[in-house]
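See below for input_5.cif, which holds mmCIF, C-alpha atoms and all ligand atoms.
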```
data_query
#
loop_
_atom_site.label_atom_id
_atom_site.label_comp_id
_atom_site.auth_asym_id
_atom_site.auth_seq_id
_atom_site.Cartn_x
_atom_site.Cartn_y
_atom_site.Cartn_z
CA MET A 495 78.08 -239.19 76.75
CA PRO A 496 77.84 -235.53 75.61
CA THR A 497 74.47 -233.75 75.68
CA PHE A 498 74.19 -231.41 72.69
CA GLU A 499 72.58 -227.99 72.92
CA PRO A 500 68.97 -227.91 71.66
CA ALA A 501 69.63 -225.97 68.40
CA GLY A 502 67.45 -227.35 65.58
CA GLU A 503 67.24 -227.21 61.78
CA LYS A 504 66.07 -223.61 61.51
CA GLU A 505 68.89 -222.34 63.73
CA ILE A 506 71.43 -224.30 61.70
CA THR A 507 70.06 -222.90 58.41
CA ARG A 508 70.05 -219.35 59.79
CA ALA A 509 73.60 -219.71 61.10
CA ILE A 510 74.83 -220.69 57.61
CA VAL A 511 72.87 -218.03 55.70
CA GLU A 512 73.67 -215.17 58.09
CA SER A 513 77.37 -215.96 58.28
CA PHE A 514 77.73 -216.48 54.52
CA MET A 515 75.86 -213.26 53.70
CA ARG A 516 77.90 -211.26 56.19
CA ASP A 517 81.08 -212.50 54.51
CA PHE A 518 79.66 -211.97 51.01
CA GLN A 519 78.89 -208.31 51.85
CA LYS A 520 82.60 -207.95 52.52
CA TYR A 521 83.65 -209.98 49.45
CA ALA A 522 81.94 -207.41 47.22
CA GLU A 523 85.05 -205.28 47.75
CA SER A 524 88.48 -206.67 48.63
CA ASP A 525 91.99 -205.27 48.48
CA VAL A 526 93.09 -208.26 46.42
CA ILE A 527 91.15 -211.03 44.71
CA ILE A 528 93.16 -214.16 43.93
CA VAL A 529 91.61 -216.31 41.22
CA GLY A 530 92.55 -219.95 41.82
CA GLY A 531 93.37 -221.74 45.06
CA GLY A 532 96.26 -223.94 43.90
CA PRO A 533 99.74 -223.78 45.48
CA SER A 534 100.67 -220.38 43.99
CA GLY A 535 97.31 -218.78 44.84
CA LEU A 536 97.39 -220.13 48.39
CA MET A 537 100.95 -218.87 48.94
CA ALA A 538 99.96 -215.44 47.58
CA GLY A 539 96.88 -215.44 49.84
CA LYS A 540 98.92 -216.38 52.89
CA GLY A 541 101.55 -213.69 52.16
CA LEU A 542 98.99 -210.93 51.69
CA ALA A 543 96.64 -211.84 54.52
CA LYS A 544 99.48 -212.03 57.04
CA ARG A 545 100.38 -208.43 56.07
CA GLY A 546 96.81 -207.39 56.94
CA VAL A 547 95.61 -207.09 53.32
CA GLY A 548 91.91 -207.94 52.72
CA THR A 549 92.33 -211.02 50.53
CA LEU A 550 89.73 -213.20 48.83
CA ILE A 551 90.60 -216.46 47.07
CA VAL A 552 88.01 -217.45 44.46
CA GLU A 553 88.08 -221.13 43.54
CA ARG A 554 85.85 -222.92 41.02
CA ASN A 555 86.08 -226.30 42.80
CA ASN A 556 84.67 -227.27 46.15
CA TYR A 557 88.19 -228.07 47.34
CA LEU A 558 91.28 -225.87 47.43
CA GLY A 559 94.78 -227.03 46.45
CA GLY A 560 94.62 -227.36 42.64
CA GLY A 561 97.34 -229.75 41.46
CA PHE A 562 99.12 -229.79 44.82
CA TRP A 563 97.34 -232.88 46.21
CA ILE A 564 99.01 -235.14 43.74
CA GLY A 565 102.41 -235.24 41.99
CA GLY A 566 103.09 -236.66 38.55
CA TYR A 567 101.24 -239.57 37.05
CA LEU A 568 98.56 -239.78 39.80
CA MET A 569 101.23 -240.55 42.42
CA ASN A 570 100.73 -238.40 45.49
CA LYS A 571 104.35 -237.41 46.09
CA VAL A 572 105.34 -233.80 45.39
CA THR A 573 108.89 -232.62 44.66
CA PHE A 574 110.77 -229.40 45.41
CA ARG A 575 114.19 -228.19 44.32
CA ALA A 576 116.29 -226.17 46.75
CA PRO A 577 115.82 -223.50 48.02
CA ALA A 578 112.04 -224.14 48.08
CA GLN A 579 112.30 -226.66 50.94
CA LYS A 580 112.63 -223.63 53.22
CA ILE A 581 108.93 -222.96 52.63
CA LEU A 582 108.18 -226.55 53.69
CA ASP A 583 110.11 -225.84 56.89
CA GLU A 584 107.98 -222.74 57.48
CA LEU A 585 104.77 -224.73 56.86
CA GLY A 586 105.91 -227.64 59.03
CA VAL A 587 105.75 -230.18 56.19
CA PRO A 588 108.06 -233.19 56.58
CA TYR A 589 110.17 -234.14 53.54
CA ALA A 590 113.13 -236.32 52.53
CA GLU A 591 116.11 -235.53 50.30
CA SER A 592 115.86 -237.70 47.20
CA SER A 593 119.08 -236.52 45.52
CA LYS A 594 121.27 -233.47 46.13
CA GLY A 595 118.97 -230.44 46.44
CA LEU A 596 115.83 -232.37 45.40
CA TYR A 597 113.22 -233.01 48.08
CA VAL A 598 110.08 -235.15 48.16
CA ALA A 599 107.02 -234.81 50.41
CA ASP A 600 103.52 -236.27 50.68
CA GLY A 601 101.08 -234.26 48.56
CA PRO A 602 98.11 -234.45 50.97
CA HIS A 603 100.27 -233.37 53.90
CA ALA A 604 101.92 -230.47 52.04
CA CYS A 605 98.65 -229.32 50.49
CA SER A 606 96.57 -229.43 53.66
CA LYS A 607 99.26 -227.54 55.63
CA LEU A 608 99.38 -224.82 52.97
CA ILE A 609 95.59 -224.46 52.89
CA ALA A 610 95.48 -224.23 56.68
CA SER A 611 98.25 -221.68 56.75
CA ALA A 612 96.53 -219.41 54.16
CA CYS A 613 93.28 -219.62 56.15
CA ASP A 614 95.06 -219.08 59.48
CA ALA A 615 96.71 -215.97 58.04
CA GLY A 616 93.21 -214.58 57.35
CA ALA A 617 92.65 -215.20 53.63
CA LYS A 618 88.94 -215.69 52.88
CA VAL A 619 87.72 -218.30 50.43
CA LEU A 620 84.81 -218.26 48.01
CA ASN A 621 84.69 -221.79 46.59
CA MET A 622 82.39 -223.36 43.98
CA THR A 623 82.68 -220.00 42.25
CA LEU A 624 83.80 -219.54 38.67
CA ILE A 625 85.35 -216.41 37.21
CA ASP A 626 83.81 -215.73 33.84
CA ASP A 627 84.84 -212.15 33.15
CA VAL A 628 86.80 -209.18 34.45
CA VAL A 629 85.66 -205.76 35.66
CA LEU A 630 87.47 -203.02 33.72
CA ARG A 631 87.80 -199.40 34.84
CA GLU A 632 89.42 -196.20 33.49
CA LYS A 633 92.01 -196.91 30.78
CA ASN A 634 90.87 -200.56 30.91
CA ARG A 635 92.57 -201.18 34.25
CA VAL A 636 91.41 -204.43 35.89
CA GLY A 637 89.16 -203.51 38.83
CA GLY A 638 87.65 -206.83 39.83
CA VAL A 639 86.10 -210.04 38.56
CA VAL A 640 82.71 -211.31 37.43
CA VAL A 641 81.61 -214.53 39.12
CA ASN A 642 78.88 -217.11 39.08
CA TRP A 643 78.25 -220.33 40.97
CA THR A 644 80.25 -223.11 39.32
CA PRO A 645 77.17 -225.38 38.91
CA VAL A 646 75.48 -222.69 36.81
CA SER A 647 78.14 -223.17 34.13
CA THR A 648 77.42 -226.91 33.92
CA LEU A 649 73.67 -226.54 33.28
CA PRO A 650 72.19 -226.41 29.76
CA ARG A 651 72.09 -222.85 28.38
CA GLU A 652 68.26 -222.79 28.15
CA LEU A 653 67.99 -223.40 31.90
CA THR A 654 70.58 -220.87 32.99
CA CYS A 655 69.58 -217.28 32.42
CA VAL A 656 71.47 -216.48 35.63
CA ASP A 657 73.33 -213.21 35.51
CA PRO A 658 76.70 -213.27 37.25
CA VAL A 659 77.72 -210.69 39.87
CA GLY A 660 80.78 -208.45 40.05
CA LEU A 661 83.32 -208.30 42.88
CA GLU A 662 85.62 -205.27 43.07
CA ALA A 663 89.28 -205.26 44.09
CA LYS A 664 92.24 -202.92 43.93
CA LEU A 665 94.28 -205.76 42.42
CA VAL A 666 93.51 -209.15 40.92
CA ILE A 667 95.96 -212.07 40.87
CA ASP A 668 95.65 -214.74 38.19
CA ALA A 669 96.62 -218.03 39.87
CA THR A 670 94.57 -220.30 37.62
CA GLY A 671 97.47 -222.53 36.51
CA HIS A 672 98.16 -223.48 32.88
CA ASP A 673 94.82 -222.04 31.72
CA ALA A 674 95.72 -218.47 32.83
CA VAL A 675 91.99 -217.74 32.78
CA VAL A 676 92.12 -214.03 33.66
CA VAL A 677 94.93 -213.28 31.21
CA ARG A 678 92.97 -215.16 28.53
CA LEU A 679 89.87 -213.07 29.28
CA LEU A 680 91.93 -209.94 28.56
CA GLU A 681 93.16 -211.56 25.35
CA ARG A 682 89.56 -212.22 24.32
CA ARG A 683 88.98 -208.47 24.61
CA GLY A 684 92.07 -207.72 22.51
CA LEU A 685 94.01 -206.21 25.44
CA VAL A 686 96.96 -208.64 25.58
CA LYS A 687 98.51 -211.35 23.45
CA VAL A 688 99.09 -214.72 25.13
CA PRO A 689 101.81 -216.97 23.69
CA GLY A 690 100.88 -220.03 25.81
CA TYR A 691 103.35 -222.19 27.77
CA GLY A 692 106.26 -223.94 26.12
CA ALA A 693 107.55 -227.52 26.26
CA MET A 694 108.78 -229.09 29.50
CA TRP A 695 112.20 -228.00 30.79
CA VAL A 696 112.18 -227.82 34.56
CA GLU A 697 115.67 -226.40 35.01
CA ARG A 698 114.72 -223.35 32.94
CA SER A 699 111.10 -223.06 33.89
CA GLU A 700 111.28 -222.71 37.66
CA ASP A 701 113.65 -219.72 37.70
CA LEU A 702 111.86 -218.02 34.81
CA VAL A 703 108.41 -218.39 36.37
CA VAL A 704 109.51 -216.81 39.64
CA GLU A 705 111.42 -214.08 37.76
CA HIS A 706 108.40 -213.16 35.59
CA THR A 707 105.90 -213.18 38.45
CA GLY A 708 104.45 -209.68 38.64
CA GLU A 709 102.04 -207.22 37.05
CA VAL A 710 101.27 -208.50 33.57
CA TYR A 711 98.65 -205.84 32.82
CA PRO A 712 97.45 -202.80 34.83
CA GLY A 713 95.64 -204.15 37.90
CA LEU A 714 96.49 -207.80 37.16
CA ILE A 715 99.35 -209.79 38.70
CA VAL A 716 100.14 -213.26 37.44
CA THR A 717 101.57 -216.15 39.49
CA GLY A 718 102.28 -219.90 39.23
CA MET A 719 101.88 -221.74 35.92
CA ALA A 720 99.74 -218.88 34.61
CA VAL A 721 103.07 -217.00 34.35
CA ALA A 722 104.41 -219.63 31.92
CA THR A 723 101.27 -219.32 29.79
CA ALA A 724 101.30 -215.51 29.87
CA TYR A 725 104.96 -215.23 28.84
CA GLY A 726 105.53 -218.36 26.72
CA LEU A 727 107.87 -219.97 29.28
CA PRO A 728 108.58 -223.70 29.44
CA ARG A 729 106.33 -225.89 31.58
CA MET A 730 107.84 -227.76 34.51
CA GLY A 731 105.86 -230.91 35.31
CA PRO A 732 105.34 -232.26 38.83
CA THR A 733 107.61 -230.02 40.85
CA PHE A 734 106.27 -227.30 43.08
CA GLY A 735 109.08 -225.10 44.39
CA ALA A 736 108.46 -222.40 41.80
CA MET A 737 104.73 -222.43 42.61
CA LEU A 738 105.46 -221.67 46.26
CA LEU A 739 108.13 -219.04 45.54
CA SER A 740 106.09 -217.43 42.76
CA GLY A 741 103.08 -217.13 45.10
CA LYS A 742 105.31 -215.60 47.75
CA ARG A 743 106.66 -213.11 45.22
CA ALA A 744 103.16 -212.27 43.94
CA ALA A 745 102.21 -211.29 47.50
CA GLU A 746 105.28 -209.05 47.79
CA VAL A 747 104.60 -207.37 44.44
CA ALA A 748 100.91 -206.89 45.27
CA TYR A 749 101.73 -205.43 48.67
CA GLU A 750 104.11 -202.89 47.09
CA LYS A 751 101.50 -201.98 44.43
CA LEU A 752 98.85 -201.42 47.11
CA ARG A 753 101.20 -199.03 48.90
CA GLU A 754 101.78 -197.11 45.64
CA LEU A 755 98.00 -196.90 45.07
CA LYS A 756 97.43 -195.24 48.46
O1 LIG B 801 96.52 -225.69 38.52
P1 LIG B 801 96.91 -225.13 39.86
O2 LIG B 801 97.47 -226.04 40.87
O3 LIG B 801 97.85 -223.84 39.56
P2 LIG B 801 99.26 -223.35 40.13
O4 LIG B 801 99.12 -222.78 41.48
O5 LIG B 801 100.12 -224.71 40.27
C1 LIG B 801 100.41 -225.50 39.14
C2 LIG B 801 100.79 -226.90 39.63
O6 LIG B 801 99.68 -227.47 40.31
C3 LIG B 801 101.21 -227.87 38.49
C4 LIG B 801 102.49 -227.54 37.80
C5 LIG B 801 103.71 -227.05 38.47
O7 LIG B 801 103.95 -227.64 39.66
O8 LIG B 801 102.58 -227.72 36.60
O9 LIG B 801 100.19 -227.88 37.52
O10 LIG B 801 99.85 -222.52 39.06
O11 LIG B 801 95.64 -224.41 40.51
C6 LIG B 801 94.81 -223.54 39.76
C7 LIG B 801 93.50 -223.38 40.51
O12 LIG B 801 92.70 -222.42 39.82
C8 LIG B 801 91.36 -222.89 39.77
C9 LIG B 801 91.51 -224.41 39.62
O13 LIG B 801 90.34 -225.11 40.01
C10 LIG B 801 92.70 -224.69 40.53
O14 LIG B 801 92.30 -224.96 41.88
N1 LIG B 801 90.69 -222.25 38.62
C11 LIG B 801 90.95 -222.45 37.30
N2 LIG B 801 90.12 -221.73 36.53
C12 LIG B 801 89.30 -221.04 37.39
C13 LIG B 801 89.65 -221.38 38.72
C14 LIG B 801 88.21 -220.12 37.20
N3 LIG B 801 87.79 -219.74 35.99
N4 LIG B 801 87.59 -219.61 38.30
C15 LIG B 801 88.01 -219.99 39.55
N5 LIG B 801 89.02 -220.87 39.79
#
```
Write the structure described by the file as structure tokens, please.
Ligand code: 48F
Amino acid sequence: MPTFEPAGEKEITRAIVESFMRDFQKYAESDVIIVGGGPSGLMAGKGLAKRGVGTLIVERNNYLGGGFWIGGYLMNKVTFRAPAQKILDELGVPYAESSKGLYVADGPHACSKLIASACDAGAKVLNMTLIDDVVLREKNRVGGVVVNWTPVSTLPRELTCVDPVGLEAKLVIDATGHDAVVVRLLERRGLVKVPGYGAMWVERSEDLVVEHTGEVYPGLIVTGMAVATAYGLPRMGPTFGAMLLSGKRAAEVAYEKLRELK
């Protein structure tokens, strides 16, 4: 039988508070903030962190992964069209070929491997945290995000006079899926027009989403289904290859932009 070290409640509490606060001091300023920890955000986080970029993923839920745990219709199988299976090879996710060039994998396996690989690469995560505004700088360039604890947003207004806090970044990536939350915040301020995503057409959507992944507004890169919403592209349903390749591309674009900013 193991004998545990005699650390008690107060030591455990201090360990959590000290470690969280040390990280939060750093979070106040990152190279890149990724809003949303679904498949595209995680891929972007992995790609940036492995290049040594200070990367923070902000996620409103307790858990990361977004829609990647489950495929269509509450069935936990996720599909990928070639060439996206190469990313599954990199992540070490097993899959089977369902028809020519169409692959199927277990959602929980694929999702947990991707989360682990983003964390292993060095991406930091701030979960249970909701973005509710952007920081704007000279010429209205995006310079960060405004966040609050997610539970604050679920309390009645009269109980929640809780001011949010700002986090600064050289670049922000909107990876919030169909809602395109950051792009919509800019629309609310009259800075962009958002057409919203179109009807389902997977064979068009996947290529277009990857192609349009990039800087949508000064300081803001868009990835994943947020790209479809930002540019009025068709939706794609329960297939994830474009999410992985769009996230990968977002990291490449962000890395190039950071070099230009130096
Ligand atoms: O929705 P989500 O998985 O976005 P994605 O990476 O992938 C889309 C696919 O899952 C699927 C599809 C194509 O395969 O159609 O839908 O584009 O992940 C978005 C993440 O952003 C978080 C949300 O909880 C989810 O984990 N998120 C959304 N709004 C906010 C947010 C917000 N205001 N603040 C923080 N996180």
- Task: Do a neighbour search on Met719 (chain A) at 8 Å with only C-alpha atoms, toss out local chain neighbours closer than 4 positions, and write the hits as a PyMOL selection string.
- Result: chain A and resi 669-672+674+703+723+729+737
- Find the distance between CA of Asp627 (chain A) and CA of Lys664 (chain A) and write it in Å to one decimal.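 These two atoms are separated by 16.0 Å.
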For ligand LIG 801 (chain B), take all atoms listed in the file, fit an axis-aligned box around them, add 6 Å to each of the six sides, then output centre and edge lengths in Å rounded to one decimal, as JSON.
```
{"center_x": 95.8, "center_y": -223.7, "center_z": 38.9, "size_x": 28.4, "size_y": 20.3, "size_z": 17.9}
```
Check which residues of chain A sit at most 7 Å from ligand LIG 801 (chain B) using only C-alpha atoms and all ligand atoms, and return one row each with the closest pair of atoms and their distance in Å to one decimal, ordered by chain and rising number, as a Markdown table.
```
| residue | atom | partner | partner_atom | distance |
| --- | --- | --- | --- | --- |
| A:Val529 | CA | B:LIG801 | C15 | 5.4 |
| A:Gly530 | CA | B:LIG801 | O12 | 3.2 |
| A:Gly531 | CA | B:LIG801 | O14 | 4.7 |
| A:Gly532 | CA | B:LIG801 | O11 | 3.5 |
| A:Pro533 | CA | B:LIG801 | O4 | 4.2 |
| A:Ser534 | CA | B:LIG801 | O4 | 3.8 |
| A:Gly535 | CA | B:LIG801 | O4 | 5.5 |
| A:Val552 | CA | B:LIG801 | C15 | 5.5 |
| A:Glu553 | CA | B:LIG801 | N5 | 3.9 |
| A:Arg554 | CA | B:LIG801 | C15 | 3.9 |
| A:Asn555 | CA | B:LIG801 | O13 | 5.2 |
| A:Leu558 | CA | B:LIG801 | O14 | 5.7 |
| A:Gly559 | CA | B:LIG801 | O14 | 5.6 |
| A:Gly560 | CA | B:LIG801 | O14 | 3.4 |
| A:Gly561 | CA | B:LIG801 | O6 | 3.5 |
| A:Phe562 | CA | B:LIG801 | O6 | 5.1 |
| A:Thr623 | CA | B:LIG801 | C15 | 6.0 |
| A:Leu624 | CA | B:LIG801 | N4 | 3.8 |
| A:Ile625 | CA | B:LIG801 | N4 | 4.1 |
| A:Asp626 | CA | B:LIG801 | N3 | 6.0 |
| A:Ala669 | CA | B:LIG801 | O10 | 5.6 |
| A:Thr670 | CA | B:LIG801 | O12 | 3.6 |
| A:Gly671 | CA | B:LIG801 | O3 | 3.3 |
| A:His672 | CA | B:LIG801 | O1 | 6.3 |
| A:Asp673 | CA | B:LIG801 | N2 | 6.7 |
| A:Val675 | CA | B:LIG801 | N3 | 5.7 |
| A:Thr717 | CA | B:LIG801 | O10 | 6.6 |
| A:Gly718 | CA | B:LIG801 | O10 | 3.6 |
| A:Met719 | CA | B:LIG801 | O10 | 3.8 |
| A:Ala720 | CA | B:LIG801 | O10 | 5.8 |
| A:Arg729 | CA | B:LIG801 | O8 | 6.5 |
| A:Met730 | CA | B:LIG801 | O8 | 5.7 |
| A:Gly731 | CA | B:LIG801 | O8 | 4.8 |
| A:Pro732 | CA | B:LIG801 | O7 | 4.9 |
| A:Thr733 | CA | B:LIG801 | O7 | 4.5 |
| A:Phe734 | CA | B:LIG801 | O7 | 4.1 |
| A:Met737 | CA | B:LIG801 | O5 | 5.7 |
```
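Picture a line from CA of Glu662 (chain A) to CA of Ser740 (chain A); it runs 23.8 Å.
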- Item | All residues 8 Å or closer to region 635-647 of chain A, all atoms listed in the file, same chain fewer than 3 positions away omitted, as a count of residues only | 30
- Find the residues around Lys540 (chain A) up to 8 Å (only C-alpha atoms counted), leave out those fewer than 5 positions away in its own chain, and share them as a count of residues only. 6
- Counting all atoms listed in the file, the option among A:Leu649, A:Ile667, A:Ala610, A:Leu755 closest to Thr707 (chain A):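 Result for the nearest residue to Thr707 (chain A): A:Ile667.
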- Item | Atomic distance CA of Ala745 (chain A) - CA of Asp517 (chain A), expressed in Å with one decimal |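 Separation between CA of Ala745 (chain A) and CA of Asp517 (chain A): 22.3 Å.
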- Query: Of the candidates A:Val598, A:Val721, A:Leu679, A:Asp614, which one gets nearest to Leu542 (chain A) if we count only C-alpha atoms?
  - Reply: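 Residue with the minimum atom-to-atom distance to Leu542 (chain A): A:Asp614.
With only C-alpha atoms as the atoms that count, the minimum distance from Gly692 (chain A) to the choices A:Ala543, A:Ala724, A:Val572, A:Leu752 is reached by A:Ala724.
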- Message: For a quick check of understanding, using all atoms listed in the file, which of A:Val677, A:Ala693, A:Val526, A:Ala576 has the smallest distance to Tyr597 (chain A)?
- Response: A:Ala576
- Message: Which residue is closest to Ala604 (chain A)? Choose from A:Ile510, A:Gly735, A:Glu750, A:Trp695 and count all atoms listed in the file.
- Response: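 For Ala604 (chain A), the nearest of the candidates is A:Gly735.
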- Item | Of the listed residues A:Glu746, A:Glu499, A:Asp668, A:Glu523, that which approaches Lys544 (chain A) most closely, counting all atoms listed in the file |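 Closest to Lys544 (chain A), using all atoms listed in the file: A:Glu746.
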- Polymer residues at most 10 Å from Glu697 (chain A), only C-alpha atoms, same-chain spacing of 2 or more positions, as a list in words: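 The filter keeps Arg575, Met694, Trp695, Ser699, Glu700, Asp701, Leu702, Pro728, Arg729 and Met730 of chain A.
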Atoms added to region 634-647 of chain A (N, CA, C and O atoms), reported as a compact mmCIF listing (two decimals), keeping the file's coordinate frame:
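Output below, filename part37.txt:
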```
# COMPACT_ATOMS: atom_id res chain seq x y z
N ASN A 634 90.94 -199.09 30.93
CA ASN A 634 90.87 -200.56 30.91
C ASN A 634 91.67 -201.24 32.00
O ASN A 634 92.11 -202.38 31.85
N ARG A 635 91.88 -200.55 33.12
CA ARG A 635 92.57 -201.18 34.25
C ARG A 635 91.65 -202.23 34.87
O ARG A 635 90.45 -202.00 35.02
N VAL A 636 92.22 -203.38 35.24
CA VAL A 636 91.41 -204.43 35.89
C VAL A 636 90.99 -203.94 37.28
O VAL A 636 91.83 -203.50 38.07
N GLY A 637 89.68 -204.02 37.54
CA GLY A 637 89.16 -203.51 38.83
C GLY A 637 88.33 -204.54 39.58
O GLY A 637 87.64 -204.20 40.53
N GLY A 638 88.40 -205.80 39.12
CA GLY A 638 87.65 -206.83 39.83
C GLY A 638 87.34 -207.99 38.90
O GLY A 638 87.91 -208.09 37.81
N VAL A 639 86.45 -208.86 39.36
CA VAL A 639 86.10 -210.04 38.56
C VAL A 639 84.59 -210.24 38.55
O VAL A 639 83.88 -209.76 39.44
N VAL A 640 84.13 -210.98 37.55
CA VAL A 640 82.71 -211.31 37.43
C VAL A 640 82.57 -212.79 37.73
O VAL A 640 83.30 -213.61 37.15
N VAL A 641 81.69 -213.13 38.66
CA VAL A 641 81.61 -214.53 39.12
C VAL A 641 80.20 -215.09 39.05
O VAL A 641 79.22 -214.36 39.08
N ASN A 642 80.15 -216.40 38.96
CA ASN A 642 78.88 -217.11 39.08
C ASN A 642 79.13 -218.41 39.83
O ASN A 642 80.28 -218.85 39.93
N TRP A 643 78.07 -219.02 40.35
CA TRP A 643 78.25 -220.33 40.97
C TRP A 643 78.77 -221.31 39.93
O TRP A 643 78.28 -221.33 38.81
N THR A 644 79.72 -222.13 40.28
CA THR A 644 80.25 -223.11 39.32
C THR A 644 79.14 -223.99 38.71
O THR A 644 79.13 -224.20 37.50
N PRO A 645 78.17 -224.49 39.52
CA PRO A 645 77.17 -225.38 38.91
C PRO A 645 76.37 -224.71 37.81
O PRO A 645 75.88 -225.40 36.89
N VAL A 646 76.24 -223.39 37.85
CA VAL A 646 75.48 -222.69 36.81
C VAL A 646 76.11 -222.95 35.44
O VAL A 646 75.41 -223.15 34.44
N SER A 647 77.45 -223.01 35.42
CA SER A 647 78.14 -223.17 34.13
C SER A 647 77.97 -224.59 33.57
O SER A 647 78.24 -224.82 32.39
```
